[in-house]
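As stored in protein_14.txt (compact mmCIF, C-alpha atoms and all ligand atoms):
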# COMPACT_ATOMS: atom_id res chain seq x y z
CA MET A 1249 54.43 -7.55 -6.32
CA ASP A 1250 51.52 -9.51 -5.04
CA TYR A 1251 49.22 -10.08 -7.95
CA GLU A 1252 49.53 -13.83 -7.71
CA SER A 1253 48.13 -13.88 -4.20
CA ALA A 1254 44.74 -13.10 -5.71
CA ALA A 1255 44.95 -16.07 -8.02
CA GLY A 1256 44.72 -18.56 -5.16
CA ASN A 1257 41.32 -17.23 -4.14
CA LYS A 1258 38.45 -17.35 -6.56
CA SER A 1259 37.77 -13.78 -7.60
CA ARG A 1260 34.30 -12.59 -8.39
CA LEU A 1261 32.68 -9.55 -9.91
CA VAL A 1262 31.11 -7.25 -7.36
CA PRO A 1263 28.96 -4.53 -8.95
CA LEU A 1264 29.75 -1.14 -7.48
CA LYS A 1265 27.02 0.67 -5.61
CA THR A 1266 25.88 3.92 -7.19
CA THR A 1267 25.95 7.13 -5.16
CA LEU A 1268 22.15 6.96 -4.90
CA GLU A 1269 22.28 3.43 -3.54
CA VAL A 1270 24.85 4.43 -0.94
CA GLU A 1271 22.96 7.58 0.03
CA THR A 1272 19.60 5.91 0.36
CA ARG A 1273 20.43 2.47 1.71
CA ASP A 1274 20.19 3.35 5.39
CA ARG A 1275 17.24 5.70 5.35
CA VAL A 1276 14.49 4.57 7.68
CA ILE A 1277 11.11 5.88 8.77
CA ASN A 1278 8.96 5.17 11.81
CA VAL A 1279 5.69 3.35 11.23
CA TYR A 1280 2.93 2.16 13.52
CA VAL A 1281 2.41 -1.58 13.71
CA ASN A 1282 -0.57 -3.27 15.29
CA ALA A 1283 -1.44 -6.84 16.30
CA ILE A 1284 -4.84 -8.12 15.13
CA PRO A 1285 -6.61 -11.48 14.84
CA VAL A 1286 -5.97 -13.16 11.48
CA LYS A 1287 -9.64 -12.98 10.57
CA GLN A 1288 -9.56 -9.18 10.72
CA ALA A 1289 -6.85 -8.66 8.10
CA SER A 1290 -9.08 -7.39 5.30
CA ASN A 1291 -11.08 -5.22 7.68
CA ALA A 1292 -7.85 -3.71 8.99
CA LEU A 1293 -6.76 -2.88 5.47
CA SER A 1294 -10.09 -1.21 4.68
CA ILE A 1295 -9.86 0.91 7.79
CA ILE A 1296 -6.28 1.93 7.06
CA ARG A 1297 -7.12 2.86 3.47
CA ARG A 1298 -9.83 5.13 4.76
CA LEU A 1299 -7.74 6.64 7.55
CA ILE A 1300 -4.52 7.05 5.55
CA PRO A 1301 -5.39 7.21 1.84
CA ASN A 1302 -2.54 6.10 -0.43
CA ASP A 1303 -0.33 5.46 2.62
CA GLY A 1304 0.13 9.19 2.97
CA GLY A 1305 2.02 9.33 -0.32
CA LEU A 1306 4.66 6.79 0.71
CA ASP A 1307 5.57 3.75 -1.36
CA LEU A 1308 5.71 0.86 1.12
CA GLN A 1309 5.43 -1.96 -1.41
CA HIS A 1310 8.83 -3.36 -0.48
CA LEU A 1311 7.52 -4.08 3.02
CA ARG A 1312 5.25 -7.00 3.84
CA ARG A 1313 2.02 -5.47 5.05
CA PHE A 1314 1.01 -8.39 7.27
CA VAL A 1315 3.34 -10.75 9.09
CA LYS A 1316 2.40 -13.73 11.23
CA TYR A 1317 3.14 -12.96 14.85
CA ASP A 1318 5.77 -15.68 15.06
CA ASP A 1319 7.49 -14.49 11.86
CA ALA A 1320 7.96 -10.92 13.04
CA PRO A 1321 11.49 -9.94 14.11
CA PRO A 1322 12.05 -10.48 17.86
CA HIS A 1323 12.33 -6.77 18.62
CA VAL A 1324 8.91 -6.16 17.02
CA ARG A 1325 7.31 -8.98 19.02
CA ALA A 1326 8.91 -7.57 22.16
CA SER A 1327 7.47 -4.10 21.47
CA ILE A 1328 4.01 -5.50 20.85
CA SER A 1329 4.22 -7.60 23.98
CA GLU A 1330 5.34 -4.64 26.06
CA THR A 1331 2.50 -2.49 24.71
CA ARG A 1332 0.00 -5.24 25.43
CA SER A 1333 1.16 -5.52 29.04
CA LEU A 1334 0.63 -1.77 29.45
CA VAL A 1335 -2.90 -1.74 28.06
CA THR A 1336 -3.98 -4.99 29.74
CA PRO A 1337 -2.25 -5.27 33.10
CA GLY A 1338 -2.04 -8.70 34.62
CA PRO A 1339 -0.90 -12.02 33.21
CA GLU A 1340 0.19 -11.75 29.61
CA ASN A 1341 -2.47 -12.60 27.07
CA GLU A 1342 -1.76 -15.35 24.64
CA THR A 1343 -1.17 -14.35 21.05
CA PRO A 1344 -3.02 -17.05 19.14
CA LYS A 1345 -3.24 -16.73 15.38
CA GLU A 1346 -2.36 -13.09 15.31
CA LEU A 1347 -0.95 -10.93 12.59
CA ILE A 1348 1.15 -7.86 13.01
CA PHE A 1349 0.58 -5.32 10.30
CA ILE A 1350 1.97 -1.98 9.23
CA ALA A 1351 -0.70 0.66 9.73
CA GLY A 1352 1.18 3.65 8.36
CA SER A 1353 3.91 6.18 8.91
CA VAL A 1354 3.85 7.99 12.26
CA ASP A 1355 3.90 11.23 10.29
CA SER A 1356 0.69 10.36 8.46
CA ILE A 1357 -1.69 9.93 11.40
CA SER A 1358 -1.88 10.52 15.15
CA LYS A 1359 -1.72 7.54 17.47
CA GLU A 1360 -5.06 8.50 19.01
CA SER A 1361 -6.85 8.58 15.63
CA LEU A 1362 -5.36 5.23 14.72
CA ILE A 1363 -6.42 3.60 18.01
CA GLU A 1364 -9.91 4.96 17.58
CA GLY A 1365 -10.10 3.74 13.99
CA LEU A 1366 -8.89 0.22 14.82
CA SER A 1367 -10.86 -0.26 18.03
CA SER A 1368 -13.71 -1.95 16.14
CA ILE A 1369 -11.53 -4.88 15.11
CA SER A 1370 -8.98 -5.13 17.87
CA ASN A 1371 -9.45 -4.85 21.59
CA PRO A 1372 -7.24 -3.74 23.13
CA VAL A 1373 -5.47 -1.92 20.28
CA CYS A 1374 -1.78 -2.73 20.69
CA ILE A 1375 0.05 -0.13 18.66
CA CYS A 1376 3.73 0.61 18.78
CA SER A 1377 6.15 2.28 16.41
CA ILE A 1378 9.11 0.61 14.74
CA GLN A 1379 11.72 1.61 12.18
CA VAL A 1380 11.47 0.30 8.62
CA PRO A 1381 13.57 0.99 5.50
CA LEU A 1382 12.06 3.86 3.51
CA LEU A 1383 13.18 2.66 0.07
CA ALA A 1384 13.20 -0.63 -1.78
CA PRO A 1385 16.19 -2.96 -1.35
CA THR A 1386 18.48 -3.38 -4.35
CA SER A 1387 19.65 -6.95 -3.71
CA HIS A 1388 18.65 -10.22 -2.03
CA GLU A 1389 21.34 -9.67 0.57
CA GLN A 1390 20.06 -6.24 1.49
CA ALA A 1391 16.47 -7.51 1.73
CA ALA A 1392 17.59 -10.35 4.02
CA PHE A 1393 19.51 -7.97 6.24
CA TRP A 1394 16.62 -5.55 6.52
CA THR A 1395 14.21 -8.43 7.19
CA SER A 1396 16.14 -9.42 10.29
CA ARG A 1397 17.00 -5.92 11.41
CA TYR A 1398 13.75 -4.06 10.73
CA TRP A 1399 10.79 -5.84 9.19
CA PRO A 1400 10.19 -8.48 6.47
CA THR A 1401 11.30 -6.81 3.24
CA VAL A 1402 10.80 -7.91 -0.35
CA TYR A 1403 13.39 -7.65 -3.13
CA LYS A 1404 11.61 -7.29 -6.47
CA LYS A 1405 14.62 -7.65 -8.75
CA SER A 1406 14.60 -4.02 -9.63
CA ASN A 1407 16.88 -1.18 -8.74
CA PRO A 1408 15.54 2.37 -8.85
CA PHE A 1409 18.95 3.68 -7.76
CA GLY A 1410 21.24 1.91 -10.20
CA PRO A 1411 21.39 -0.24 -13.31
CA HIS A 1412 18.67 -2.88 -13.58
CA PRO A 1413 19.91 -6.22 -12.18
CA SER A 1414 19.20 -7.99 -15.48
CA ILE A 1415 21.53 -5.60 -17.34
CA VAL A 1416 24.23 -6.20 -14.76
CA SER A 1417 23.92 -9.98 -14.84
CA ARG A 1418 23.94 -10.10 -18.66
CA ALA A 1419 27.15 -8.08 -18.69
CA GLU A 1420 28.67 -10.32 -16.03
CA GLU A 1421 28.08 -13.38 -18.21
CA ASP A 1422 30.28 -11.77 -20.87
CA ILE A 1423 32.94 -10.51 -18.51
CA ASN A 1424 33.28 -13.72 -16.51
CA GLU A 1425 34.34 -15.48 -19.72
CA ASP A 1426 37.65 -13.69 -19.98
CA VAL A 1427 38.21 -11.26 -17.11
CA GLU A 1428 41.20 -13.29 -15.89
CA LYS A 1429 42.87 -12.99 -19.28
CA TRP A 1430 42.49 -9.20 -19.44
CA MET A 1431 43.61 -8.73 -15.85
CA ALA A 1432 46.71 -10.85 -16.54
CA LEU A 1433 47.47 -8.63 -19.53
CA ALA A 1434 46.96 -5.50 -17.41
CA ASP A 1435 49.27 -7.01 -14.77
CA GLY A 1436 51.88 -7.61 -17.44
CA ALA A 1437 51.78 -3.97 -18.52
CA ALA A 1438 51.97 -2.88 -14.87
CA GLN A 1439 54.98 -5.05 -14.16
CA GLU A 1440 56.84 -3.75 -17.21
CA ALA A 1441 56.13 -0.15 -16.19
CA ARG A 1442 57.53 -0.82 -12.75
CA ALA A 1443 60.49 -2.88 -13.95
CA THR A 1444 61.65 -0.24 -16.41
CA GLY A 1445 61.13 2.60 -13.95
CA SER A 1446 58.91 4.44 -16.40
CA GLY A 1447 55.88 4.27 -14.15
CA GLU A 1448 54.04 2.80 -11.18
CA ASP A 1449 52.88 -0.78 -10.90
CA ILE A 1450 49.59 -0.02 -12.65
CA GLY A 1451 48.19 -1.24 -15.95
CA VAL A 1452 45.00 -1.27 -18.00
CA VAL A 1453 43.58 -3.09 -21.01
CA ILE A 1454 40.83 -1.79 -23.29
CA VAL A 1455 38.71 -4.48 -24.91
CA THR A 1456 36.18 -4.49 -27.72
CA ARG A 1457 33.50 -7.20 -27.67
CA LYS A 1458 31.46 -7.95 -30.76
CA ASN A 1459 29.29 -10.96 -31.51
CA GLY A 1460 30.74 -12.78 -28.53
CA ILE A 1461 34.34 -12.20 -29.57
CA ALA A 1462 36.52 -9.98 -27.38
CA ARG A 1463 39.82 -8.45 -28.46
CA PRO A 1464 42.22 -6.02 -26.76
CA VAL A 1465 42.54 -2.73 -28.65
CA ALA A 1466 44.88 -0.91 -26.25
CA ILE A 1467 47.19 -2.01 -23.44
CA ALA A 1468 49.05 0.48 -21.31
CA GLY A 1469 51.22 0.59 -18.24
CA ASP A 1470 51.64 3.69 -16.14
CA ALA A 1471 54.32 6.06 -17.55
CA ARG A 1472 54.25 8.99 -15.15
CA TRP A 1473 58.00 8.85 -14.49
CA LEU A 1474 59.04 8.75 -18.11
CA ASP A 1475 61.33 11.80 -18.48
CA TRP A 1476 59.67 13.31 -15.46
CA PRO A 1477 61.27 14.23 -12.10
CA HIS A 1478 60.49 11.93 -9.18
CA SER A 1479 60.37 15.02 -6.98
CA SER A 1480 57.05 15.89 -8.68
CA ARG A 1481 53.78 13.97 -8.74
CA GLY A 1482 54.79 12.74 -12.16
CA ASN A 1483 53.18 13.27 -15.53
CA VAL A 1484 49.49 12.91 -14.65
CA ALA A 1485 48.59 12.70 -18.33
CA ALA A 1486 50.58 9.46 -18.49
CA HIS A 1487 48.41 7.47 -16.07
CA ALA A 1488 47.73 4.05 -17.58
CA THR A 1489 44.06 4.78 -18.26
CA LEU A 1490 44.75 8.07 -20.06
CA ARG A 1491 47.54 6.46 -22.08
CA ALA A 1492 45.24 3.65 -23.17
CA ILE A 1493 42.46 6.04 -24.16
CA ALA A 1494 45.00 8.11 -26.08
CA MET A 1495 46.13 4.92 -27.86
CA VAL A 1496 42.53 4.32 -28.96
CA ALA A 1497 42.24 7.90 -30.14
CA ASP A 1498 45.53 7.63 -32.00
CA GLY A 1499 44.43 4.34 -33.56
CA LEU A 1500 41.20 5.90 -34.79
CA ARG A 1501 43.07 8.89 -36.19
CA ALA A 1502 45.54 6.66 -38.00
CA ARG A 1503 42.72 4.54 -39.41
CA ASP A 1504 40.81 7.58 -40.65
CA GLU A 1505 43.91 9.08 -42.22
CA ASP A 1506 44.63 5.77 -43.86
CA GLN A 1507 41.14 5.60 -45.32
CA GLN A 1508 41.43 9.16 -46.59
CA GLY A 1509 44.92 8.65 -47.99
CA VAL A 1510 46.43 11.26 -45.71
CA SER A 1511 49.96 10.53 -44.61
CA ASP A 1512 50.78 10.56 -40.92
CA ILE A 1513 52.73 13.74 -40.48
CA THR A 1514 51.33 14.86 -37.16
CA ILE A 1515 52.92 13.75 -33.90
CA PRO A 1516 56.29 12.00 -33.85
CA ALA A 1517 56.14 8.79 -31.87
CA ASP A 1518 55.93 9.10 -28.10
CA THR A 1519 56.69 12.76 -27.69
CA GLY A 1520 53.06 13.66 -26.86
CA ILE A 1521 52.26 14.30 -23.22
CA PHE A 1522 49.88 11.30 -23.17
CA ARG A 1523 52.69 8.91 -24.19
CA ASP A 1524 50.20 7.33 -26.51
CA GLN A 1525 52.57 5.08 -28.43
CA PRO A 1526 52.99 1.49 -27.24
CA ARG A 1527 56.43 1.19 -25.65
CA MET A 1528 56.65 -2.14 -23.83
CA PRO A 1529 56.30 -5.65 -25.31
CA THR A 1530 52.95 -6.21 -23.61
CA GLU A 1531 51.64 -2.96 -25.01
CA GLN A 1532 52.20 -4.22 -28.55
CA CYS A 1533 49.83 -7.20 -28.12
CA ARG A 1534 46.72 -5.51 -29.44
CA SER A 1535 44.32 -5.71 -32.32
CA PRO A 1536 43.53 -2.94 -34.76
CA ILE A 1537 40.53 -0.81 -33.91
CA ASP A 1538 37.48 -1.34 -36.07
CA ASP A 1539 34.89 0.28 -33.83
CA ASP A 1540 32.70 3.09 -34.96
CA GLY A 1541 31.13 5.67 -32.75
CA TYR A 1542 32.65 8.15 -30.39
CA LEU A 1543 36.12 7.25 -29.04
CA CYS A 1544 35.61 4.38 -26.56
CA HIS A 1545 31.86 3.97 -27.05
CA ASP A 1546 30.74 0.62 -25.57
CA LEU A 1547 34.30 -0.59 -25.02
CA GLU A 1548 35.41 -2.31 -21.81
CA ILE A 1549 38.36 -1.29 -19.66
CA TYR A 1550 40.16 -3.57 -17.18
CA CYS A 1551 42.36 -1.87 -14.60
CA THR A 1552 44.76 -3.29 -12.03
CA HIS A 1553 43.69 -0.51 -9.65
CA GLU A 1554 40.61 1.65 -9.15
CA PRO A 1555 41.27 4.67 -11.37
CA CYS A 1556 41.80 8.10 -9.84
CA VAL A 1557 39.15 10.81 -10.23
CA MET A 1558 40.77 12.21 -13.37
CA CYS A 1559 40.98 8.80 -15.05
CA SER A 1560 37.46 7.89 -13.89
CA MET A 1561 36.10 11.03 -15.54
CA ALA A 1562 38.10 10.22 -18.68
CA ILE A 1563 36.42 6.78 -18.69
CA VAL A 1564 33.03 8.44 -18.30
CA HIS A 1565 33.63 11.02 -21.03
CA SER A 1566 35.13 8.52 -23.46
CA ARG A 1567 31.81 6.65 -23.21
CA PHE A 1568 33.05 3.28 -22.14
CA GLY A 1569 30.34 0.69 -21.51
CA ARG A 1570 32.01 -1.30 -18.73
CA VAL A 1571 34.87 -0.86 -16.30
CA VAL A 1572 36.38 -3.54 -14.07
CA PHE A 1573 39.21 -3.02 -11.60
CA ARG A 1574 41.01 -5.38 -9.29
CA ARG A 1575 42.22 -3.34 -6.35
CA ARG A 1576 40.30 -0.62 -4.63
CA MET A 1577 42.08 2.64 -3.91
CA PRO A 1578 40.06 3.79 -0.89
CA SER A 1579 41.76 7.20 -0.57
CA THR A 1580 42.06 8.26 -4.19
CA GLY A 1581 39.70 6.13 -6.29
CA GLY A 1582 37.00 7.89 -8.29
CA LEU A 1583 34.64 5.01 -9.05
CA CYS A 1584 33.46 3.76 -5.65
CA SER A 1585 30.63 5.58 -3.94
CA ASP A 1586 31.62 4.25 -0.53
CA GLY A 1587 35.29 5.25 -0.65
CA GLU A 1588 36.75 8.29 1.09
CA LEU A 1589 35.94 10.55 -1.85
CA GLY A 1590 32.55 9.00 -2.49
CA HIS A 1591 32.25 10.24 -6.07
CA GLY A 1592 30.86 7.05 -7.64
CA LEU A 1593 31.73 8.17 -11.17
CA PHE A 1594 29.68 5.67 -13.17
CA TRP A 1595 26.02 5.09 -14.09
CA ARG A 1596 24.90 8.61 -13.34
CA LYS A 1597 22.24 10.33 -15.34
CA GLU A 1598 24.18 13.59 -15.49
CA LEU A 1599 27.38 11.86 -16.63
CA ASN A 1600 27.24 8.54 -18.47
CA TRP A 1601 23.96 6.78 -17.93
CA THR A 1602 25.16 3.46 -19.29
CA LEU A 1603 28.61 2.93 -17.76
CA LEU A 1604 28.61 -0.17 -15.53
CA ALA A 1605 31.38 -0.80 -12.98
CA TRP A 1606 32.67 -3.78 -11.02
CA HIS A 1607 35.31 -4.56 -8.46
CA TRP A 1608 36.89 -7.90 -9.40
CA SER A 1609 37.31 -8.96 -5.83
CA SER A 1610 39.19 -11.86 -4.36
CA GLY A 1611 38.22 -10.91 -0.84
CA THR A 1612 40.75 -9.73 1.69
CA ASP A 1613 43.66 -8.93 -0.60
CA SER A 1614 41.69 -6.87 -3.07
CA ILE A 1615 41.06 -4.01 -0.71
CA GLY A 1616 44.21 -1.98 -0.50
CA THR A 1617 46.83 -0.90 -2.88
CA CYS A 1618 49.26 -3.79 -3.29
CA GLY A 1619 52.43 -2.63 -4.98
CA VAL A 1620 51.63 1.08 -4.93
CA GLU A 1621 51.37 3.66 -2.18
CA SER A 1622 47.92 4.09 -0.65
CA ASP A 1623 47.78 7.80 -1.45
CA LEU A 1624 48.82 7.25 -5.05
CA HIS A 1625 46.45 8.26 -7.83
CA ALA A 1626 46.07 5.28 -10.16
ZN ZN B 1 44.60 8.28 -12.97
Could I get this file's structure written as structure tokens?
Amino acid sequence: MDYESAAGNKSRLVPLKTTLEVETRDRVINVYVNAIPVKQASNALSIIRRLIPNDGGLDLQHLRRFVKYDDAPPHVRASISETRSLVTPGPENETPKELIFIAGSVDSISKESLIEGLSSISNPVCICSIQVPLLAPTSHEQAAFWTSRYWPTVYKKSNPFGPHPSIVSRAEEDINEDVEKWMALADGAAQEARATGSGEDIGVVIVTRKNGIARPVAIAGDARWLDWPHSSRGNVAAHATLRAIAMVADGLRARDEDQQGVSDITIPADTGIFRDQPRMPTEQCRSPIDDDGYLCHDLEIYCTHEPCVMCSMAIVHSRFGRVVFRRRMPSTGGLCSDGELGHGLFWRKELNWTLLAWHWSSGTDSIGTCGVESDLHA
């Protein structure tokens, strides 16, 4: 048991990257850059617009078009300098008050046509090709990294490949208020599951948040070993996440029956495969459900571990609004796009467009399994 080790370090919410963000983040293209006198900047742009209308169909707005010579990354300055020495043999020319600018993608024009087009404003024409990121950055950090590695890049506080940053930061304001409390409750359920031998050291809490007030509506520890042989993989329907969702469903059913005056004659307590009746003391500490809408619509779920693929899909299909987990499960987790499976089962148009996901990370100790086997499905 090592949950407390996280408490010493300040944990923080790290939004997960969507599959699109992961797939696109390293895509680069080759572009021609050219050094010109500062005074020729607008002429250069006019020429380029004529030679390569609409940038050849590429959106390069995340890249600075013009950069002062001294502000260009060292490898770009080196390329320009090398090209200059080839076209003007002899002592190196000075580079007073020059700009380096992106002319266009190497696929959109031939080098010869570009040299010919720019010869009226720059002599000699010092063109070389460099790599630049094809798509817009999705964070300040990414923009800063690309600026030093490729070319000055602008982050415009938008994310075409994931939830808009303003939606994420608004949600984080809510979650930061009480994430520690819900994780402690999830830990409690996990510890009871382990201590009683009914399940693995895994727990979850489902929370409803209305008008700034958050309440837990289901708390569940893992129960895969409850009346199940240890020689098997256990009762997969009794993973903590599925149990908690089943508790919500059962709560809604009981409420509806109550309202309709129907007596509860359906499932005797705790004999269902989902083990959807609270068993442990921690699991009793919940509020009644008063949410409307489909199953877990807009609810939040806090998990001690990154849920497996099955539980991740259950979270998606139950229409949760937010999911937060503490420990990544790199081999079996279904939420991360950069894990071994790479499914990234959140915020996907074809699944659940609105589900947001975070890793509540305390740094070094939050990668790994801590208390459970690395190949276990949480
Ligand atoms: Zn699971």
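If you measure from each of A:Ala1351, A:Met1528, A:Val1262, A:Val1402 to Val1279 of chain A using only C-alpha atoms, the closest one turns out to be A:Ala1351.
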(message) What residues of the protein or nucleic acid chains come within 12 Å of ligand ZN 1 (chain B) when you use all atoms listed in the file? Reply as JSON, numbers by chain.
(response) {"A": [1448, 1450, 1451, 1452, 1469, 1470, 1471, 1472, 1481, 1482, 1483, 1484, 1485, 1486, 1487, 1488, 1489, 1490, 1491, 1492, 1493, 1522, 1551, 1552, 1553, 1554, 1555, 1556, 1557, 1558, 1559, 1560, 1561, 1562, 1563, 1577, 1580, 1581, 1582, 1583, 1623, 1624, 1625, 1626]}
Please return as a short mmCIF file (atom, residue, chain, number, x, y, z; two decimals) with C-alpha atoms, in the frame of the given file every residue within 8 Å of (40.6, -3.1, -26.6), taking into account only C-alpha atoms and the file's own coordinates.
data_model
loop_
_atom_site.label_atom_id
_atom_site.label_comp_id
_atom_site.auth_asym_id
_atom_site.auth_seq_id
_atom_site.Cartn_x
_atom_site.Cartn_y
_atom_site.Cartn_z
CA VAL A 1453 43.58 -3.09 -21.01
CA ILE A 1454 40.83 -1.79 -23.29
CA VAL A 1455 38.71 -4.48 -24.91
CA THR A 1456 36.18 -4.49 -27.72
CA ARG A 1463 39.82 -8.45 -28.46
CA PRO A 1464 42.22 -6.02 -26.76
CA VAL A 1465 42.54 -2.73 -28.65
CA ALA A 1466 44.88 -0.91 -26.25
CA ILE A 1467 47.19 -2.01 -23.44
CA ARG A 1534 46.72 -5.51 -29.44
CA SER A 1535 44.32 -5.71 -32.32
CA ILE A 1537 40.53 -0.81 -33.91
CA LEU A 1547 34.30 -0.59 -25.02
CA GLU A 1548 35.41 -2.31 -21.81
CA ILE A 1549 38.36 -1.29 -19.66
#
(message) Could you check the closest approach to Glu1330 of chain A for each of A:Val1416, A:Cys1376, A:Cys1584, A:Met1495 and tell me which residue wins, using only C-alpha atoms?
(response) A:Cys1376
Show which residues sit within 7 Å of Gly1569 of chain A, as a short mmCIF file (atom, residue, chain, number, x, y, z; two decimals) with C-alpha atoms, keeping the file's coordinate frame. Count only C-alpha atoms, and ignore same-chain residues fewer than 2 positions away.
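result_28.cif, freshly written:
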data_model
loop_
_atom_site.label_atom_id
_atom_site.label_comp_id
_atom_site.auth_asym_id
_atom_site.auth_seq_id
_atom_site.Cartn_x
_atom_site.Cartn_y
_atom_site.Cartn_z
CA HIS A 1545 31.86 3.97 -27.05
CA ASP A 1546 30.74 0.62 -25.57
CA LEU A 1547 34.30 -0.59 -25.02
CA GLU A 1548 35.41 -2.31 -21.81
CA ARG A 1567 31.81 6.65 -23.21
CA THR A 1602 25.16 3.46 -19.29
CA LEU A 1603 28.61 2.93 -17.76
CA LEU A 1604 28.61 -0.17 -15.53
#
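Interatomic distance, atom CA of His1323 of chain A against atom CA of Tyr1398 of chain A: 8.5 Å.
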